[in-house]
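Here's the structure we're looking at; comments come further down.
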Amino acid sequence: MLSRRVLLKAGAAAGVAGALSAAPPVRAAAPAPDPFVVRLPVPPVIEPVLRTDGFDLYRMTLREADTRILPGVTTRVRTFDGHFPGPTVRAVRGRPVLIQQVNRLDHPVAVHLHGGHVPQPSDGHPMDLIEPGAARTYYYPNDQPGATLWYHDHAHMLEAENLYRGLSGTYLLTDEEEERLPLPRGRYDIPLMFRDAALAADGSLVYDVHAMAARATLMVNGVARPYLPVAARRYRLRLVNSSNDRVLALRLADGAEFTQIASDGGLLPAPVRTTAVALWPAERAEIVVDFGTRRPGQQVVLENLAPYPGESAEVMRFDVTHRAADPSRVPERLRPLPEPGRPQVERTFTMTSDLLHDRYLINGKEFDMDRIDITPRLGVEEVWTVTVPADAYAMAHTFHTHLAQFRVLDRNGQPPAPEEAGLKDTVGMMPGDTVRLQVRFTDYPGRYVYHCHMMGHSSLGMMGQMEISR
Ligand code: C2O
Ligand code: CU
Ligand code: CU
C-alpha cells in the first residue's frame, strides 16, 4: 500500500514534472532503446597514487571521452578521469583525502564536494577556477559522519553545462560506527547515480538550459535503462539524483517495501519502511532492498512515478539470478542525531523565479560574486526560513547550502517526515512551500555559497554568498 505521505511526495514530484514541461519547447526525444539491454555499470573505485600515515592522495584528469549512453551510439562527454559518471572515491572518517584535479578540458572548472564539510580553499567556490592546463589539489578532512557525498563541477555560470555533460561522481564516506552495523557491504553496496539528458540522433548531448522536459533519456550510472543481476538477498543501494533539474520519485514496480536508512548527510536515527522515495536534484537516499523475498528468475523494475509526459516510467531492472547467503540485516537503531542547540539567529530566504524575464532570484537578487549576502559566525545556531511563494509564474526550487548539514525543523508548519528528519544539505520545495531549517557552521571561515540545486536556476543567478567568520 502506498501511504498518504508517499503519494504526496510522488504527487509533488509529478507536479514538478508537469510544471517544467509546460514551460519549455519540447525537442524530439531520443530514439527509444530496447528496454534493459545493457548491464548496469558500477563506476570503478579510484586507487590512491599515494597512501601515507596521514592521508590518501588521488589524481584525476578532467577530460573529454566517448561513452555509450544508448546501445550502439557514441556520445562525447566531459569526465573525471575518463569515466561517466566519474570514479567512486571511498573515504573513511578521520582519514583525510587529497585529490589533485588536472584540467585537460578547454574551459575552466571548479570541483565541489557536495555535502562535504571542507575548508574554504577546497570547497570549489565558483571563483576558485582551475584554468585549462592547470591543476589544483583539494583537501578533504573527512571530519563528518559517514555519508553518500558526491563531487561535481561548480565553475561560475558553467556549472550547469559541465554537470550536464558529465562532470560528477560519488564520494562514499564511511565511519567506524557505521562499519560495525550489519548492513550489506562490499559488492552488495552499490551507488546508483540517476540523471537525464537530451540526446540528438547522432548521439550527441543537446544542452539547453531551459529545455528540462526535453531530457527524455534517463540514465543510471551513465547508461539508459540498465539491468542489474542480483542475488536473492539484501542490497544497500545509494541513490543519488545527479540530474541538473529533474525530480524523481522511485519505487519498485511491484509495490514492494524497502527500507530507507540514510539521507543526504548519512544514516537516519532509525530505518524507515517505505514503498517510494522522492529525490530532488542533488538529494541522496540510501535504501536497503531485500531481493531475498523473490526467487531466482524473477525480475523487478525500478519505476519513476513522476515521468515527464509521454515518457516511460521504467528506469532500470533488477534480475534475481541466484541465491546467496545473507548475513546482513537492518538494525532497529542506526545513528542518533545530535540535539540541535538553542537558535540564536534567524534568516529568511525567498526563492522567486520570473519565467517571462528569465530571472532566478534569492531575496530578490541575482548572484553577485562581489556581494556578500549573509555573514554567519562559527558556532552559532541559525534558523533559516526558506520560502517559494505561490505566485503566478512560480516554479519548484531546491535549497542547498555548502559547508554544513542542516536539520529540517518543519515543512509548512508540520514536523518533517521521518526520511527528511535526518542530516540534510538539500531540500525541495513546491510553490507555496516554506521549510525551516536549523544549521550551525562549526569550522572553516571564508566565502561559501548557497543556492537552488536545479543547476539551470543556479547558473542563471539563483545563488547567494556568505562570508563565515569566527
Ligand atoms: Cu552540489 Cu553548490 O552544490
Ligand atoms: Cu554543495
Ligand atoms: Cu530553482
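In the C-alpha cells, chains take letters A, B, ... by order of appearance, with residues numbered from 1 within each chain and ligands from 1 in the order shown.
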Contacts of Val73 (chain A) at 9 Å or less, counting only C-alpha atoms, minus same-chain residues fewer than 3 places along, as a compact mmCIF listing (two decimals) with N, CA, C and O atoms, in the first residue's frame?
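Result written to around_10.txt:
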```txt
# COMPACT_ATOMS: atom_id res chain seq x y z
N THR A 67 31.44 7.79 -24.63
CA THR A 67 30.75 6.79 -23.82
C THR A 67 29.56 6.27 -24.59
O THR A 67 29.22 6.78 -25.67
N ARG A 68 28.91 5.24 -24.05
CA ARG A 68 27.69 4.72 -24.67
C ARG A 68 26.55 4.84 -23.69
O ARG A 68 26.45 4.05 -22.76
N ILE A 69 25.72 5.86 -23.90
CA ILE A 69 24.54 6.04 -23.07
C ILE A 69 23.43 5.13 -23.59
O ILE A 69 22.76 4.43 -22.84
N LEU A 70 23.27 5.12 -24.92
CA LEU A 70 22.35 4.21 -25.59
C LEU A 70 23.19 3.16 -26.31
O LEU A 70 24.28 3.47 -26.79
N ALA A 201 20.02 12.63 -32.58
CA ALA A 201 20.02 11.35 -33.29
C ALA A 201 21.43 10.79 -33.43
O ALA A 201 21.63 9.58 -33.43
N ASP A 202 22.42 11.67 -33.55
CA ASP A 202 23.80 11.18 -33.71
C ASP A 202 24.45 10.84 -32.36
O ASP A 202 25.64 10.54 -32.31
N GLY A 203 23.67 10.92 -31.31
CA GLY A 203 24.19 10.54 -30.00
C GLY A 203 24.76 11.69 -29.21
O GLY A 203 25.07 11.53 -28.03
N SER A 204 24.88 12.86 -29.81
CA SER A 204 25.49 13.96 -29.06
C SER A 204 24.51 14.52 -28.02
O SER A 204 23.29 14.46 -28.18
```
Given only C-alpha atoms and all ligand atoms, how would the per-residue table for chain A near ligand 1 read, listing every residue at most 7 Å away with its closest atom pair and distance in Å to one decimal, sorted by chain and number, as JSON lines?
```
{"residue": "A:His112", "atom": "CA", "partner": "ligand 1", "partner_atom_place_in_ligand_line": "3 (O)", "distance": 6.6}
{"residue": "A:His114", "atom": "CA", "partner": "ligand 1", "partner_atom_place_in_ligand_line": "1 (Cu)", "distance": 4.4}
{"residue": "A:His152", "atom": "CA", "partner": "ligand 1", "partner_atom_place_in_ligand_line": "1 (Cu)", "distance": 6.6}
{"residue": "A:His154", "atom": "CA", "partner": "ligand 1", "partner_atom_place_in_ligand_line": "2 (Cu)", "distance": 6.5}
{"residue": "A:Ala282", "atom": "CA", "partner": "ligand 1", "partner_atom_place_in_ligand_line": "1 (Cu)", "distance": 6.0}
{"residue": "A:His400", "atom": "CA", "partner": "ligand 1", "partner_atom_place_in_ligand_line": "3 (O)", "distance": 6.8}
{"residue": "A:Thr401", "atom": "CA", "partner": "ligand 1", "partner_atom_place_in_ligand_line": "2 (Cu)", "distance": 6.9}
{"residue": "A:His402", "atom": "CA", "partner": "ligand 1", "partner_atom_place_in_ligand_line": "2 (Cu)", "distance": 6.0}
{"residue": "A:Val449", "atom": "CA", "partner": "ligand 1", "partner_atom_place_in_ligand_line": "2 (Cu)", "distance": 6.5}
{"residue": "A:Tyr450", "atom": "CA", "partner": "ligand 1", "partner_atom_place_in_ligand_line": "2 (Cu)", "distance": 6.4}
{"residue": "A:His451", "atom": "CA", "partner": "ligand 1", "partner_atom_place_in_ligand_line": "2 (Cu)", "distance": 6.5}
{"residue": "A:His453", "atom": "CA", "partner": "ligand 1", "partner_atom_place_in_ligand_line": "3 (O)", "distance": 6.5}
```
Q | Protein and nucleic acid residues within 7 Å of ligand 3 (only C-alpha atoms and all ligand atoms) as a ChimeraX atom specification | A | /A:396-398,452-454,457-458,462
Please produce an output containing N, CA and C atoms for each residue in the selection, written as a compact mmCIF listing (two decimals), in the first residue's frame.
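Saved the output as out-v3.txt:
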```
# COMPACT_ATOMS: atom_id res chain seq x y z
N ALA A 396 8.98 25.18 -8.97
CA ALA A 396 9.58 24.47 -7.85
C ALA A 396 11.06 24.82 -7.78
N HIS A 397 11.62 24.82 -6.58
CA HIS A 397 13.04 25.06 -6.40
C HIS A 397 13.58 24.14 -5.32
N THR A 398 14.89 24.13 -5.20
CA THR A 398 15.50 23.43 -4.09
C THR A 398 16.39 24.43 -3.35
N CYS A 452 19.89 27.33 -5.26
CA CYS A 452 18.96 26.33 -5.76
C CYS A 452 19.82 25.30 -6.49
N HIS A 453 19.55 24.00 -6.26
CA HIS A 453 20.36 22.98 -6.93
C HIS A 453 19.72 22.48 -8.21
N MET A 454 18.67 23.17 -8.68
CA MET A 454 18.28 22.95 -10.06
C MET A 454 19.33 23.78 -10.78
N HIS A 457 18.82 26.82 -12.74
CA HIS A 457 18.48 28.02 -11.97
C HIS A 457 19.72 28.66 -11.32
N SER A 458 20.56 27.83 -10.71
CA SER A 458 21.72 28.43 -10.03
C SER A 458 22.65 29.09 -11.04
N MET A 462 20.43 32.00 -9.28
CA MET A 462 19.74 31.67 -8.03
C MET A 462 20.73 31.13 -7.00
```
Q: Mind checking which residues fall within 12 Å of Glu419 (chain A), counting only C-alpha atoms, ignoring those fewer than 6 positions away in the same chain, and posting them as a PyMOL selection string?
A: chain A and resi 5-6+9+259-274+276-279+283-287+407-408+427
Q | Selection near region 80-86 of chain A, 6 Å with only C-alpha atoms, sequence-local residues under 6 positions removed, as a ChimeraX atom specification | A | /A:60-62,65,168-169,222
Could you save the residues just selected, with N, CA and C atoms, as a compact mmCIF listing (two decimals), in the first residue's frame?
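The file below, out-v7.txt, is the result:
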```
# COMPACT_ATOMS: atom_id res chain seq x y z
N MET A 60 43.03 12.87 -10.49
CA MET A 60 42.04 12.68 -11.57
C MET A 60 42.33 13.69 -12.66
N THR A 61 42.09 13.28 -13.89
CA THR A 61 42.22 14.19 -15.02
C THR A 61 40.83 14.48 -15.57
N LEU A 62 40.50 15.77 -15.68
CA LEU A 62 39.24 16.14 -16.30
C LEU A 62 39.48 16.21 -17.80
N ALA A 65 35.71 12.35 -23.20
CA ALA A 65 35.80 10.92 -23.51
C ALA A 65 34.52 10.52 -24.24
N SER A 168 30.46 14.64 -12.79
CA SER A 168 30.02 14.28 -11.44
C SER A 168 30.45 12.86 -11.11
N GLY A 169 30.56 12.58 -9.83
CA GLY A 169 30.89 11.23 -9.36
C GLY A 169 30.54 11.11 -7.89
N GLY A 222 25.16 6.29 -15.93
CA GLY A 222 25.63 6.66 -17.27
C GLY A 222 25.05 5.90 -18.44
```
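If only C-alpha atoms and all ligand atoms are the atoms counted, then among A:Glu159, A:Asp56, A:Asp290, A:Asp410 the closest residue to ligand 2 is A:Glu159.
For the residues A:Arg76, A:Arg225, A:Arg59, A:Arg236, ranking by smallest atom-to-atom distance to Val330 (chain A) using only C-alpha atoms places A:Arg236 first.
Minimum distance to ligand 2 across A:Asp143, A:Glu64, A:Asp123, A:Asp196 (counting only C-alpha atoms and all ligand atoms) occurs at A:Asp123.
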Q | Every residue of region 14-120 of chain A that DSSP places in helix (DSSP H, G or I), as number ranges by chain | A | A: 14-22, 120
Just write the chosen residues, N, CA and C atoms, as a compact mmCIF listing (two decimals), in the first residue's frame.
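Generated output (result.txt):
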```txt
# COMPACT_ATOMS: atom_id res chain seq x y z
N ALA A 14 5.56 14.73 -9.44
CA ALA A 14 4.86 14.72 -10.71
C ALA A 14 4.42 16.13 -11.07
N GLY A 15 4.02 16.89 -10.06
CA GLY A 15 3.64 18.27 -10.28
C GLY A 15 4.79 19.07 -10.85
N VAL A 16 5.97 18.80 -10.35
CA VAL A 16 7.16 19.48 -10.85
C VAL A 16 7.37 19.11 -12.31
N ALA A 17 7.26 17.82 -12.59
CA ALA A 17 7.45 17.38 -13.97
C ALA A 17 6.47 18.11 -14.88
N GLY A 18 5.22 18.19 -14.42
CA GLY A 18 4.21 18.87 -15.23
C GLY A 18 4.55 20.34 -15.40
N ALA A 19 4.91 20.98 -14.30
CA ALA A 19 5.20 22.41 -14.33
C ALA A 19 6.38 22.70 -15.25
N LEU A 20 7.38 21.84 -15.20
CA LEU A 20 8.56 22.08 -16.03
C LEU A 20 8.22 21.88 -17.50
N SER A 21 7.42 20.85 -17.77
CA SER A 21 7.16 20.53 -19.17
C SER A 21 6.26 21.56 -19.80
N ALA A 22 5.52 22.30 -18.98
CA ALA A 22 4.62 23.31 -19.53
C ALA A 22 5.43 24.45 -20.14
N GLN A 120 37.53 26.33 3.17
CA GLN A 120 37.13 27.17 2.04
C GLN A 120 37.98 26.97 0.78
```
